[in-house]
$ cat start01.cif   # mmCIF, C-alpha atoms and all ligand atoms
data_model
loop_
_atom_site.label_atom_id
_atom_site.label_comp_id
_atom_site.auth_asym_id
_atom_site.auth_seq_id
_atom_site.Cartn_x
_atom_site.Cartn_y
_atom_site.Cartn_z
CA MET A 873 -19.49 -16.19 23.81
CA ARG A 874 -16.13 -14.80 25.03
CA ASN A 875 -13.52 -13.62 22.60
CA PRO A 876 -10.35 -15.60 23.52
CA ASN A 877 -8.18 -12.74 22.26
CA ASP A 878 -9.96 -10.14 24.39
CA ASP A 879 -9.37 -10.23 28.14
CA SER A 880 -11.99 -7.54 28.81
CA GLY A 881 -14.56 -10.32 29.34
CA LYS A 882 -16.90 -8.77 26.81
CA SER A 883 -19.12 -11.22 24.98
CA PHE A 884 -20.26 -11.11 21.38
CA ILE A 885 -22.91 -12.70 19.25
CA VAL A 886 -21.66 -15.60 17.11
CA PRO A 887 -22.41 -14.57 13.51
CA GLN A 888 -24.21 -17.10 11.32
CA PRO A 889 -24.39 -17.47 7.53
CA VAL A 890 -28.04 -16.52 7.52
CA ARG A 891 -29.66 -13.51 5.87
CA SER A 892 -32.52 -11.57 7.42
CA ASP A 893 -34.86 -13.18 4.85
CA GLY A 894 -33.89 -16.65 6.11
CA THR A 895 -31.62 -17.74 3.24
CA GLY A 896 -28.65 -19.79 4.36
CA GLY A 897 -28.51 -21.67 7.65
CA PRO A 898 -26.51 -21.76 10.87
CA ASP A 899 -23.00 -23.23 11.00
CA PHE A 900 -22.55 -25.48 14.04
CA GLY A 901 -19.45 -27.25 12.70
CA PRO A 902 -15.76 -26.43 12.81
CA ARG A 903 -15.18 -22.77 12.06
CA ASP A 904 -12.87 -19.87 12.86
CA ILE A 905 -15.38 -17.54 14.48
CA LEU A 906 -12.90 -14.68 14.91
CA ARG A 907 -12.22 -14.67 11.18
CA ASP A 908 -15.94 -14.84 10.44
CA ILE A 909 -16.40 -11.76 12.67
CA GLU A 910 -13.65 -9.97 10.75
CA ASN A 911 -15.24 -10.87 7.41
CA PRO A 912 -18.98 -10.24 7.76
CA ASP A 913 -19.39 -9.68 4.01
CA MET A 914 -17.70 -13.01 3.26
CA LEU A 915 -19.95 -14.92 5.69
CA VAL A 916 -23.13 -13.16 4.54
CA PRO A 917 -22.43 -11.51 1.17
CA PRO A 918 -24.62 -8.58 0.08
CA VAL A 919 -27.49 -9.87 -2.10
CA THR A 920 -25.98 -7.91 -5.00
CA ASP A 921 -22.79 -10.02 -4.90
CA ALA A 922 -22.70 -12.66 -7.64
CA GLY A 923 -20.41 -14.57 -9.97
CA LEU A 924 -16.77 -15.49 -9.81
CA LEU A 925 -14.10 -13.03 -8.77
CA PRO A 926 -10.64 -14.00 -7.54
CA ASN A 927 -9.49 -13.35 -3.99
CA LEU A 928 -8.76 -9.60 -3.63
CA LYS A 929 -7.57 -9.53 -0.03
CA MET A 930 -4.46 -10.55 1.87
CA SER A 931 -3.39 -9.53 5.35
CA PHE A 932 0.23 -8.97 6.35
CA SER A 933 -0.84 -10.79 9.54
CA ASP A 934 -1.07 -14.00 7.46
CA THR A 935 2.47 -13.76 6.04
CA HIS A 936 5.88 -15.05 7.13
CA MET A 937 7.79 -12.73 9.48
CA GLN A 938 11.49 -12.35 8.73
CA LEU A 939 13.05 -11.52 12.12
CA ASN A 940 16.57 -10.11 12.31
CA HIS A 941 18.61 -8.21 14.88
CA GLY A 942 17.78 -4.69 13.75
CA GLY A 943 14.22 -5.22 12.59
CA TRP A 944 11.71 -7.35 10.71
CA SER A 945 9.95 -7.61 7.39
CA ARG A 946 7.04 -9.45 5.80
CA GLU A 947 5.84 -9.35 2.23
CA ILE A 948 2.83 -9.83 -0.03
CA THR A 949 3.78 -10.94 -3.55
CA VAL A 950 2.00 -13.03 -6.21
CA ARG A 951 2.90 -16.01 -3.99
CA GLU A 952 0.54 -14.68 -1.27
CA LEU A 953 -2.01 -12.86 -3.49
CA PRO A 954 -1.93 -14.42 -6.99
CA VAL A 955 -4.05 -11.70 -8.67
CA ALA A 956 -1.53 -8.99 -7.70
CA THR A 957 0.83 -9.18 -10.67
CA THR A 958 1.68 -5.48 -11.05
CA LEU A 959 3.02 -4.61 -7.59
CA ALA A 960 4.47 -6.38 -4.54
CA GLY A 961 4.49 -4.95 -1.01
CA VAL A 962 6.78 -5.26 1.99
CA ASN A 963 5.96 -4.13 5.52
CA MET A 964 9.27 -3.45 7.32
CA SER A 965 10.34 -2.15 10.71
CA LEU A 966 13.83 -1.05 11.75
CA THR A 967 14.94 -0.62 15.36
CA PRO A 968 16.81 2.54 16.45
CA GLY A 969 20.04 2.18 14.44
CA GLY A 970 18.77 -0.93 12.59
CA ILE A 971 19.92 -1.00 8.95
CA ARG A 972 18.43 -2.46 5.76
CA GLU A 973 21.82 -3.03 4.21
CA LEU A 974 23.34 -1.46 1.07
CA HIS A 975 21.60 -3.21 -1.83
CA TRP A 976 19.89 -2.79 -5.18
CA HIS A 977 17.35 -4.63 -7.35
CA GLN A 978 15.89 -4.75 -10.84
CA GLN A 979 12.59 -3.21 -9.69
CA ALA A 980 11.77 0.36 -8.67
CA GLU A 981 11.11 0.87 -4.95
CA TRP A 982 8.37 3.24 -3.74
CA ALA A 983 7.86 3.68 0.00
CA TYR A 984 5.51 5.27 2.54
CA MET A 985 6.77 5.93 6.09
CA ILE A 986 4.07 4.78 8.53
CA LEU A 987 5.66 5.77 11.84
CA GLY A 988 9.02 6.82 13.23
CA ARG A 989 11.95 8.14 11.22
CA ALA A 990 14.66 6.73 8.98
CA ARG A 991 17.70 7.92 7.06
CA ILE A 992 17.86 6.88 3.42
CA THR A 993 20.91 7.04 1.15
CA SER A 994 21.58 6.41 -2.52
CA VAL A 995 24.09 7.09 -5.32
CA ASP A 996 23.02 7.24 -8.98
CA GLN A 997 24.78 6.10 -12.16
CA ASN A 998 26.54 9.47 -12.53
CA GLY A 999 27.99 9.52 -9.01
CA ARG A 1000 25.40 11.99 -7.76
CA ASN A 1001 24.44 11.12 -4.20
CA PHE A 1002 21.38 11.47 -2.01
CA ILE A 1003 20.81 11.43 1.74
CA ALA A 1004 17.63 12.39 3.60
CA ASP A 1005 15.77 11.79 6.85
CA VAL A 1006 12.14 10.75 6.35
CA GLY A 1007 9.25 10.75 8.83
CA PRO A 1008 5.55 9.82 8.96
CA GLY A 1009 3.77 10.36 5.63
CA ASP A 1010 7.01 10.85 3.69
CA LEU A 1011 7.69 8.86 0.51
CA TRP A 1012 10.80 7.73 -1.27
CA TYR A 1013 11.45 6.27 -4.71
CA PHE A 1014 14.58 4.50 -5.86
CA PRO A 1015 14.70 3.86 -9.64
CA PRO A 1016 15.42 0.30 -10.81
CA GLY A 1017 19.04 -0.75 -10.35
CA ILE A 1018 20.01 2.28 -8.22
CA PRO A 1019 21.73 1.24 -4.93
CA HIS A 1020 20.38 2.43 -1.59
CA SER A 1021 20.10 1.85 2.18
CA ILE A 1022 17.62 2.56 4.99
CA GLN A 1023 18.47 3.06 8.68
CA GLY A 1024 16.15 3.55 11.65
CA LEU A 1025 16.79 6.79 13.58
CA ALA A 1026 16.45 7.30 17.37
CA GLU A 1027 12.75 6.33 17.52
CA GLY A 1028 12.98 3.41 15.06
CA CYS A 1029 10.46 3.21 12.23
CA GLU A 1030 7.92 1.16 10.28
CA PHE A 1031 7.19 1.61 6.58
CA LEU A 1032 5.57 0.12 3.50
CA LEU A 1033 7.71 -0.70 0.47
CA VAL A 1034 6.05 -1.20 -2.91
CA PHE A 1035 7.89 -2.69 -5.90
CA ASP A 1036 6.71 -2.41 -9.52
CA ASP A 1037 6.63 -6.18 -10.10
CA GLY A 1038 4.20 -8.50 -8.29
CA SER A 1039 6.70 -11.37 -8.26
CA PHE A 1040 9.46 -9.35 -6.56
CA SER A 1041 10.72 -10.54 -3.19
CA ASP A 1042 12.74 -8.21 -0.96
CA LEU A 1043 14.50 -11.32 0.37
CA ASN A 1044 15.96 -11.81 -3.10
CA THR A 1045 17.90 -8.60 -3.82
CA LEU A 1046 21.49 -7.82 -4.81
CA SER A 1047 23.33 -7.03 -1.56
CA ILE A 1048 26.77 -5.57 -1.01
CA SER A 1049 27.66 -8.15 1.67
CA ASP A 1050 26.48 -11.02 -0.52
CA TRP A 1051 28.54 -9.88 -3.51
CA LEU A 1052 31.73 -9.41 -1.52
CA ALA A 1053 31.23 -12.80 0.20
CA HIS A 1054 31.07 -14.40 -3.24
CA THR A 1055 34.09 -12.64 -4.78
CA PRO A 1056 37.62 -14.06 -4.26
CA LYS A 1057 39.57 -11.90 -1.79
CA GLU A 1058 42.39 -11.55 -4.35
CA VAL A 1059 39.92 -9.95 -6.72
CA LEU A 1060 38.67 -7.60 -4.00
CA SER A 1061 42.30 -6.72 -3.23
CA ALA A 1062 43.02 -5.92 -6.88
CA ASN A 1063 39.75 -4.00 -7.31
CA PHE A 1064 40.21 -1.68 -4.32
CA GLY A 1065 44.03 -1.57 -4.32
CA VAL A 1066 44.44 -2.77 -0.75
CA PRO A 1067 46.02 -5.93 0.79
CA VAL A 1068 43.90 -9.10 0.94
CA ASN A 1069 43.76 -8.98 4.74
CA ALA A 1070 41.64 -5.79 4.52
CA PHE A 1071 38.75 -8.20 3.88
CA ASP A 1072 39.43 -10.61 6.76
CA ALA A 1073 36.31 -9.62 8.69
CA ILE A 1074 33.70 -9.11 5.96
CA PRO A 1075 30.35 -10.92 6.43
CA GLN A 1076 30.22 -14.52 5.17
CA GLU A 1077 26.74 -14.08 3.73
CA GLN A 1078 24.00 -11.53 3.06
CA LEU A 1079 23.11 -9.45 6.15
CA TYR A 1080 19.72 -8.16 4.87
CA ILE A 1081 18.91 -6.30 8.13
CA PHE A 1082 21.46 -5.75 10.92
CA GLN A 1083 21.75 -3.76 14.15
CA ASP A 1084 24.05 -0.75 14.25
CA GLY A 1085 24.35 2.37 16.42
CA ILE A 1086 22.08 5.37 15.94
CA PRO A 1087 23.68 7.59 13.29
CA GLY A 1088 24.75 11.19 13.90
CA SER A 1089 23.28 14.16 12.05
CA ILE A 1090 23.03 14.22 8.25
CA GLU A 1091 25.69 16.95 8.24
CA SER A 1092 28.09 14.67 10.13
CA GLN A 1093 27.54 11.83 7.62
CA GLU A 1094 27.13 13.63 4.31
CA ILE A 1095 29.75 13.00 1.61
CA GLN A 1096 30.33 15.78 -0.92
CA SER A 1097 30.23 14.31 -4.41
CA PRO A 1098 32.26 16.06 -7.12
CA TYR A 1099 29.21 15.38 -9.33
CA GLY A 1100 26.68 16.93 -6.93
CA SER A 1101 23.48 15.42 -5.64
CA VAL A 1102 20.70 13.67 -7.61
CA PRO A 1103 18.83 16.19 -9.82
CA GLN A 1104 15.37 14.94 -8.82
CA SER A 1105 14.83 14.24 -5.12
CA PHE A 1106 14.30 10.60 -4.18
CA SER A 1107 11.99 11.65 -1.30
CA HIS A 1108 8.70 13.55 -1.10
CA ARG A 1109 6.60 14.99 1.75
CA LEU A 1110 3.13 13.69 0.91
CA LEU A 1111 1.45 15.11 4.04
CA ALA A 1112 2.82 18.59 3.18
CA GLN A 1113 0.60 18.56 0.07
CA PRO A 1114 -2.70 20.38 0.66
CA PRO A 1115 -5.37 17.67 0.39
CA MET A 1116 -8.39 17.81 -1.90
CA LYS A 1117 -11.18 17.96 0.70
CA THR A 1118 -14.78 16.94 0.15
CA PRO A 1119 -17.62 16.27 2.60
CA GLY A 1120 -16.60 12.95 4.17
CA GLY A 1121 -12.86 12.95 3.63
CA SER A 1122 -9.80 13.98 1.69
CA VAL A 1123 -7.38 12.78 -0.99
CA ARG A 1124 -3.72 13.52 -1.71
CA ILE A 1125 -2.48 12.39 -5.12
CA VAL A 1126 1.20 11.80 -5.86
CA ASP A 1127 2.70 10.73 -9.17
CA SER A 1128 5.40 11.83 -11.63
CA THR A 1129 3.72 15.25 -12.04
CA ASN A 1130 4.54 16.33 -8.45
CA PHE A 1131 7.18 13.68 -7.49
CA PRO A 1132 9.07 13.60 -10.81
CA ILE A 1133 11.45 10.71 -10.05
CA SER A 1134 8.48 8.38 -9.39
CA LYS A 1135 8.06 7.34 -13.01
CA THR A 1136 6.54 3.88 -12.45
CA VAL A 1137 4.46 4.29 -9.29
CA ALA A 1138 1.48 6.60 -8.69
CA ALA A 1139 -0.62 6.76 -5.54
CA ALA A 1140 -3.43 8.42 -3.63
CA LEU A 1141 -3.65 8.73 0.15
CA VAL A 1142 -7.36 8.61 0.97
CA GLU A 1143 -9.14 9.62 4.18
CA ILE A 1144 -12.73 8.40 4.70
CA GLU A 1145 -14.70 9.53 7.75
CA PRO A 1146 -17.12 7.15 9.51
CA GLY A 1147 -20.25 6.80 7.37
CA ALA A 1148 -18.51 8.17 4.27
CA MET A 1149 -17.26 6.31 1.20
CA ARG A 1150 -14.78 6.43 -1.67
CA GLU A 1151 -17.21 7.00 -4.53
CA LEU A 1152 -18.05 4.50 -7.29
CA HIS A 1153 -15.17 4.76 -9.78
CA TRP A 1154 -12.53 2.90 -11.76
CA HIS A 1155 -9.05 3.46 -13.12
CA PRO A 1156 -8.39 3.53 -16.90
CA ASN A 1157 -4.66 2.84 -16.60
CA ASN A 1158 -3.79 -0.16 -14.42
CA ASP A 1159 -4.62 -2.46 -11.48
CA GLU A 1160 -4.94 -0.90 -8.01
CA TRP A 1161 -2.91 -2.19 -5.03
CA GLN A 1162 -4.24 -0.98 -1.67
CA TYR A 1163 -2.78 -0.76 1.80
CA TYR A 1164 -5.06 -0.04 4.75
CA LEU A 1165 -3.39 2.22 7.34
CA THR A 1166 -6.09 2.79 9.97
CA GLY A 1167 -9.71 1.90 10.65
CA GLN A 1168 -11.83 -0.61 8.78
CA GLY A 1169 -13.81 -0.69 5.57
CA ARG A 1170 -15.35 -2.83 2.91
CA MET A 1171 -14.93 -2.77 -0.83
CA THR A 1172 -17.17 -4.21 -3.51
CA VAL A 1173 -15.55 -4.83 -6.89
CA PHE A 1174 -17.69 -5.08 -10.06
CA ALA A 1175 -16.21 -7.19 -12.87
CA GLY A 1176 -18.94 -7.04 -15.54
CA ASN A 1177 -21.31 -9.84 -16.61
CA GLY A 1178 -23.18 -9.55 -13.32
CA ALA A 1179 -20.11 -10.36 -11.24
CA ALA A 1180 -19.46 -8.44 -8.02
CA ARG A 1181 -17.75 -9.43 -4.77
CA THR A 1182 -17.32 -7.74 -1.41
CA PHE A 1183 -14.33 -7.91 0.95
CA ASP A 1184 -13.75 -6.51 4.44
CA TYR A 1185 -10.46 -4.80 5.26
CA ARG A 1186 -8.78 -3.40 8.32
CA ALA A 1187 -5.44 -1.78 9.16
CA GLY A 1188 -2.57 -3.94 7.90
CA ASP A 1189 -4.55 -5.55 5.06
CA VAL A 1190 -3.83 -5.35 1.34
CA GLY A 1191 -6.61 -5.05 -1.25
CA TYR A 1192 -6.46 -5.34 -5.01
CA VAL A 1193 -8.63 -4.22 -7.94
CA PRO A 1194 -7.96 -5.52 -11.46
CA PHE A 1195 -7.62 -2.93 -14.25
CA ALA A 1196 -10.85 -0.97 -14.99
CA TYR A 1197 -13.07 -2.95 -12.60
CA GLY A 1198 -15.62 -0.70 -10.88
CA HIS A 1199 -15.32 -0.33 -7.11
CA TYR A 1200 -16.15 1.70 -4.01
CA ILE A 1201 -14.94 1.59 -0.40
CA GLN A 1202 -17.13 2.29 2.62
CA ASN A 1203 -15.86 3.13 6.09
CA THR A 1204 -17.60 0.47 8.21
CA GLY A 1205 -16.06 1.52 11.52
CA THR A 1206 -16.29 4.28 14.09
CA LYS A 1207 -12.79 5.64 13.35
CA THR A 1208 -11.46 7.44 10.28
CA LEU A 1209 -10.28 5.05 7.56
CA TRP A 1210 -6.97 5.91 5.90
CA PHE A 1211 -5.67 3.86 2.99
CA LEU A 1212 -3.32 4.06 0.01
CA GLU A 1213 -4.33 3.37 -3.61
CA ILE A 1214 -1.16 2.50 -5.52
CA PHE A 1215 -0.65 1.92 -9.26
CA LYS A 1216 2.15 0.79 -11.53
CA SER A 1217 1.94 3.94 -13.64
CA ASP A 1218 3.52 7.36 -14.10
CA ARG A 1219 0.20 9.02 -13.27
CA PHE A 1220 -2.85 8.71 -11.06
CA VAL A 1221 -6.11 8.61 -13.04
CA ASP A 1222 -9.65 7.63 -12.15
CA VAL A 1223 -13.07 7.83 -13.79
CA SER A 1224 -15.96 8.93 -11.56
CA LEU A 1225 -19.33 7.30 -12.24
CA ASN A 1226 -21.10 10.40 -10.93
CA GLN A 1227 -19.08 12.82 -13.08
CA TRP A 1228 -19.50 10.64 -16.18
CA MET A 1229 -23.27 10.67 -15.74
CA ALA A 1230 -23.32 14.44 -15.01
CA LEU A 1231 -21.46 15.23 -18.24
CA THR A 1232 -23.52 12.90 -20.46
CA PRO A 1233 -26.72 14.09 -22.21
CA ARG A 1234 -29.47 14.10 -19.61
CA ASP A 1235 -32.03 12.22 -21.73
CA LEU A 1236 -29.52 9.47 -22.36
CA VAL A 1237 -28.89 8.91 -18.64
CA ARG A 1238 -32.61 9.23 -17.81
CA ASP A 1239 -33.74 6.66 -20.37
CA ASN A 1240 -30.80 4.31 -19.87
CA LEU A 1241 -31.44 3.99 -16.13
CA ASN A 1242 -35.13 4.94 -15.94
CA VAL A 1243 -34.42 7.56 -13.28
CA GLY A 1244 -36.12 10.83 -12.47
CA PRO A 1245 -35.08 14.44 -11.89
CA GLU A 1246 -34.17 13.84 -8.25
CA LEU A 1247 -31.08 11.87 -9.29
CA LEU A 1248 -30.42 13.81 -12.51
CA ASN A 1249 -30.38 17.13 -10.63
CA ALA A 1250 -28.04 15.76 -7.97
CA LEU A 1251 -25.32 14.64 -10.42
CA ARG A 1252 -22.03 16.49 -9.94
CA LYS A 1253 -19.86 17.81 -12.78
CA GLU A 1254 -16.92 18.17 -10.37
CA LYS A 1255 -15.22 15.03 -9.11
CA TRP A 1256 -15.62 14.23 -5.42
CA PRO A 1257 -13.43 11.19 -4.65
CA VAL A 1258 -14.94 10.82 -1.16
CA VAL A 1259 -18.64 11.38 -0.52
CA LYS A 1260 -20.96 11.40 2.48
CA TYR A 1261 -24.74 11.36 2.37
CA PRO A 1262 -25.82 13.37 5.41
CA GLY A 1263 -28.47 10.92 6.61
CA PHE A 1264 -26.41 7.78 6.07
CA SER A 1265 -24.83 5.64 8.73
CA TYR A 1266 -23.45 2.17 8.40
CA TYR A 1267 -25.17 -0.58 10.35
CA PRO A 1268 -23.34 -3.91 10.52
CA LYS A 1269 -25.55 -6.85 9.68
MN MN B 1301 15.44 -1.81 -1.77
MN MN B 1302 -9.76 3.04 -6.81
#

$ encode --input "start01.cif" --output "C-alpha cells" --more "lines below"
Ligand code: MN
Ligand code: MN
Amino acid sequence: MRNPNDDSGKSFIVPQPVRSDGTGGPDFGPRDILRDIENPDMLVPPVTDAGLLPNLKMSFSDTHMQLNHGGWSREITVRELPVATTLAGVNMSLTPGGIRELHWHQQAEWAYMILGRARITSVDQNGRNFIADVGPGDLWYFPPGIPHSIQGLAEGCEFLLVFDDGSFSDLNTLSISDWLAHTPKEVLSANFGVPVNAFDAIPQEQLYIFQDGIPGSIESQEIQSPYGSVPQSFSHRLLAQPPMKTPGGSVRIVDSTNFPISKTVAAALVEIEPGAMRELHWHPNNDEWQYYLTGQGRMTVFAGNGAARTFDYRAGDVGYVPFAYGHYIQNTGTKTLWFLEIFKSDRFVDVSLNQWMALTPRDLVRDNLNVGPELLNALRKEKWPVVKYPGFSYYPK
C-alpha cells in the first residue's frame, strides 16, 4: 500500500492488530492506517501491558494553531491532556522581528529554545531589569507575576514554554495592550502625565504576537536601571553544562541548584542512542511532563496492581507520567532520541530500580525475585540514567 503522505512511491505493510501467537484479528473496517503505523504499541500492545491507565500522550500536531503576523503558537493544557494537571506546554515560533508582546501571568514560565535565537526582556518588582539573547538549548525562567517579552532575532526562532499549572493557557494572559485598551484615556493621561491624544493610536485589543523590525544589538537597546539588573539571571545555558555520560546516552539536569531562579520547574535533557534506553526508574517528588525533541521512542508506565501501558512518541509529542509511577523509555528509531523530562519542583530527583537493588541486602533481592548471581553481580551501585546492552537492538513488531 502507498503512503498518501509520502511521494517517494515507497510501499509499506498494513499493520494488523494480531500478535505473532495469533491473538487478535485483522481490521478490514474503517481505520486511520497512518496513525496505526505511528502507534504500533497501541495497535498491538506488549503482552505485559494490562489494566487501566489514562491517556499519557498528546501531540502538538493535534492541537489548534494560533496564527498571527509575527509567528504562531499551539498549546497542550489539561483541556488537551486531562492527566497533565501540574504543567502546561506551549510550542511557539516567532518570525525575524516577531514579538510575543509585553505581558505577565500568575504562573511561572520556563522555556527551552529549540532553534533560532530570541531576545528576552523583563523587569522585576524592585525595578531591576533583565535583557538577554538566547539560542538553541538555552533556557529562561520568569517568576510568577513578573512582566516580560520575547522577540525573534534575525533567524527567527521556535521554543517550548512550560507553565507550572496544567490549566494555564498562554492565550489568557495579562497583556499591556489589553490593559491600556480597557483603561479610559483620561486615566492613562493622568497616570503618565501626558495629554489624552498621546494614546490616539494604541491597539484596540490584545496583540498577543505581532510583527516588528529586527532589533539592534543588546547594547543599543539596553536601559540602565538605577536599581541594577536582576540578582539571579532569568536565562541559563543548558548545553554549556557538561553532560553526565553513560554507555548509550547522556543527561543534563537543571533545577534551582544550578539555575537558582527556577524555583518551581526542574528538568533533565536526555539523549538516548539507537538501541539504548532511559533505565527503569521513577520520581519521588512529582508528575513528569515530557517533550520529545528528535527521533522516536516508546515508554511503558507501570501504575501498580498489575497495570502497565505503552505509548509511542516522536518529535513534537508530549508524554506524561503520574507521580511515582515506574517507567522507562526506549529509542525505537535509527536516530538519536532527545527529550526533556520536566517537573513542577525546585529539584530534579529520580529513583533508579537498578541502584535500589544494588544497595539492598543481596539475599533479600535474590529471594524476593528468585534470581541468580548473574543478575546480582551485574547490579550497579552508581546511577546510570541511560543504559545500553551491547547485544540489544530494537526490532519493530
Ligand atoms: Mn509569558
Ligand atoms: Mn522519568

$ residues_around --input "start01.cif" --residues "region 1113-1121 of chain A" --least-positions-apart "3" --cutoff "10 Å" --atoms "all atoms listed in the file" --output "compact mmCIF listing (two decimals) with C-alpha atoms, keeping the file's coordinate frame"
# COMPACT_ATOMS: atom_id res chain seq x y z
CA HIS A 1108 8.70 13.55 -1.10
CA ARG A 1109 6.60 14.99 1.75
CA LEU A 1110 3.13 13.69 0.91
CA ARG A 1124 -3.72 13.52 -1.71
CA ILE A 1125 -2.48 12.39 -5.12
CA VAL A 1126 1.20 11.80 -5.86
CA ASN A 1130 4.54 16.33 -8.45
CA LEU A 1141 -3.65 8.73 0.15
CA VAL A 1142 -7.36 8.61 0.97
CA GLU A 1143 -9.14 9.62 4.18
CA ILE A 1144 -12.73 8.40 4.70
CA GLU A 1145 -14.70 9.53 7.75
CA PRO A 1146 -17.12 7.15 9.51
CA GLY A 1147 -20.25 6.80 7.37
CA ALA A 1148 -18.51 8.17 4.27
CA MET A 1149 -17.26 6.31 1.20
CA ARG A 1150 -14.78 6.43 -1.67
CA THR A 1208 -11.46 7.44 10.28
CA LEU A 1209 -10.28 5.05 7.56
CA TRP A 1210 -6.97 5.91 5.90
CA LYS A 1255 -15.22 15.03 -9.11
CA TRP A 1256 -15.62 14.23 -5.42
CA PRO A 1257 -13.43 11.19 -4.65
CA VAL A 1258 -14.94 10.82 -1.16
CA VAL A 1259 -18.64 11.38 -0.52
CA LYS A 1260 -20.96 11.40 2.48
CA TYR A 1261 -24.74 11.36 2.37
CA PRO A 1262 -25.82 13.37 5.41

$ closest_atom_pairs --input "start01.cif" --of "chain A" --to "ligand MN 1302 (chain B)" --cutoff "9 Å" --atoms "only C-alpha atoms and all ligand atoms" --output "Markdown table"
| residue | atom | partner | partner_atom | distance |
| --- | --- | --- | --- | --- |
| A:Ala1140 | CA | B:MN1302 | MN | 8.9 |
| A:Arg1150 | CA | B:MN1302 | MN | 7.9 |
| A:Glu1151 | CA | B:MN1302 | MN | 8.7 |
| A:Leu1152 | CA | B:MN1302 | MN | 8.4 |
| A:His1153 | CA | B:MN1302 | MN | 6.4 |
| A:Trp1154 | CA | B:MN1302 | MN | 5.7 |
| A:His1155 | CA | B:MN1302 | MN | 6.4 |
| A:Asp1159 | CA | B:MN1302 | MN | 8.9 |
| A:Glu1160 | CA | B:MN1302 | MN | 6.3 |
| A:Trp1161 | CA | B:MN1302 | MN | 8.8 |
| A:Gln1162 | CA | B:MN1302 | MN | 8.5 |
| A:Val1193 | CA | B:MN1302 | MN | 7.4 |
| A:Tyr1197 | CA | B:MN1302 | MN | 9.0 |
| A:Gly1198 | CA | B:MN1302 | MN | 8.1 |
| A:His1199 | CA | B:MN1302 | MN | 6.5 |
| A:Tyr1200 | CA | B:MN1302 | MN | 7.1 |
| A:Ile1201 | CA | B:MN1302 | MN | 8.4 |
| A:Glu1213 | CA | B:MN1302 | MN | 6.3 |
| A:Ile1214 | CA | B:MN1302 | MN | 8.7 |
| A:Asp1222 | CA | B:MN1302 | MN | 7.0 |

$ closest_residue --input "start01.cif" --among "A:Asp1184, A:Asp1005, A:Glu1058, A:Glu973" --to "Met914 (chain A)" --atoms "only C-alpha atoms"
A:Asp1184

$ residues_around --input "start01.cif" --residues "region 1175-1183 of chain A" --least-positions-apart "5" --cutoff "7 Å" --atoms "all atoms listed in the file" --output "list of chain:residue names"
A:Asp913, A:Met914, A:Pro917, A:Asp921, A:Ala922, A:Gly923, A:Leu924, A:Leu925, A:Arg1170, A:Tyr1197, A:Gly1198

$ write_last_selection --input "start01.cif" --atoms "C-alpha atoms" --output "mmCIF file, in the coordinates of the input"
data_model
loop_
_atom_site.group_PDB
_atom_site.id
_atom_site.type_symbol
_atom_site.label_atom_id
_atom_site.label_comp_id
_atom_site.auth_asym_id
_atom_site.auth_seq_id
_atom_site.Cartn_x
_atom_site.Cartn_y
_atom_site.Cartn_z
ATOM 1 C CA ASP A 913 -19.390 -9.680 4.010
ATOM 2 C CA MET A 914 -17.700 -13.010 3.260
ATOM 3 C CA PRO A 917 -22.430 -11.510 1.170
ATOM 4 C CA ASP A 921 -22.790 -10.020 -4.900
ATOM 5 C CA ALA A 922 -22.700 -12.660 -7.640
ATOM 6 C CA GLY A 923 -20.410 -14.570 -9.970
ATOM 7 C CA LEU A 924 -16.770 -15.490 -9.810
ATOM 8 C CA LEU A 925 -14.100 -13.030 -8.770
ATOM 9 C CA ARG A 1170 -15.350 -2.830 2.910
ATOM 10 C CA TYR A 1197 -13.070 -2.950 -12.600
ATOM 11 C CA GLY A 1198 -15.620 -0.700 -10.880
#

$ closest_residue --input "start01.cif" --among "A:Ala980, A:Val919, A:Leu906, A:Met930" --to "ligand MN 1301 (chain B)" --atoms "all atoms listed in the file"
A:Ala980

$ decode --input "start01.cif" --residues "region 1128-1160 of chain A" --atoms "C-alpha atoms" --output "mmCIF file, in the first residue's frame"
data_model
loop_
_atom_site.group_PDB
_atom_site.id
_atom_site.type_symbol
_atom_site.label_atom_id
_atom_site.label_comp_id
_atom_site.auth_asym_id
_atom_site.auth_seq_id
_atom_site.Cartn_x
_atom_site.Cartn_y
_atom_site.Cartn_z
ATOM 1 C CA SER A 1128 17.202 25.510 41.391
ATOM 2 C CA THR A 1129 20.631 24.181 42.444
ATOM 3 C CA ASN A 1130 22.316 25.319 39.191
ATOM 4 C CA PHE A 1131 19.640 27.719 37.796
ATOM 5 C CA PRO A 1132 18.666 29.388 41.092
ATOM 6 C CA ILE A 1133 15.737 31.495 39.836
ATOM 7 C CA SER A 1134 13.952 28.349 38.596
ATOM 8 C CA LYS A 1135 12.246 27.607 41.905
ATOM 9 C CA THR A 1136 9.170 25.771 40.580
ATOM 10 C CA VAL A 1137 10.447 23.930 37.497
ATOM 11 C CA ALA A 1138 13.165 21.252 37.280
ATOM 12 C CA ALA A 1139 14.194 19.376 34.155
ATOM 13 C CA ALA A 1140 16.521 16.870 32.534
ATOM 14 C CA LEU A 1141 17.612 16.914 28.897
ATOM 15 C CA VAL A 1142 18.089 13.264 27.937
ATOM 16 C CA GLU A 1143 19.925 11.791 24.941
ATOM 17 C CA ILE A 1144 19.260 8.132 24.048
ATOM 18 C CA GLU A 1145 21.197 6.479 21.229
ATOM 19 C CA PRO A 1146 19.522 3.935 18.926
ATOM 20 C CA GLY A 1147 19.105 0.661 20.825
ATOM 21 C CA ALA A 1148 19.602 2.347 24.207
ATOM 22 C CA MET A 1149 17.026 3.208 26.866
ATOM 23 C CA ARG A 1150 16.286 5.511 29.786
ATOM 24 C CA GLU A 1151 16.530 2.990 32.607
ATOM 25 C CA LEU A 1152 13.637 1.724 34.762
ATOM 26 C CA HIS A 1153 13.054 4.466 37.353
ATOM 27 C CA TRP A 1154 10.540 6.771 38.990
ATOM 28 C CA HIS A 1155 10.406 10.211 40.572
ATOM 29 C CA PRO A 1156 9.641 10.644 44.305
ATOM 30 C CA ASN A 1157 8.602 14.296 44.001
ATOM 31 C CA ASN A 1158 6.022 14.969 41.274
ATOM 32 C CA ASP A 1159 4.483 14.082 37.895
ATOM 33 C CA GLU A 1160 6.738 14.137 34.818
#
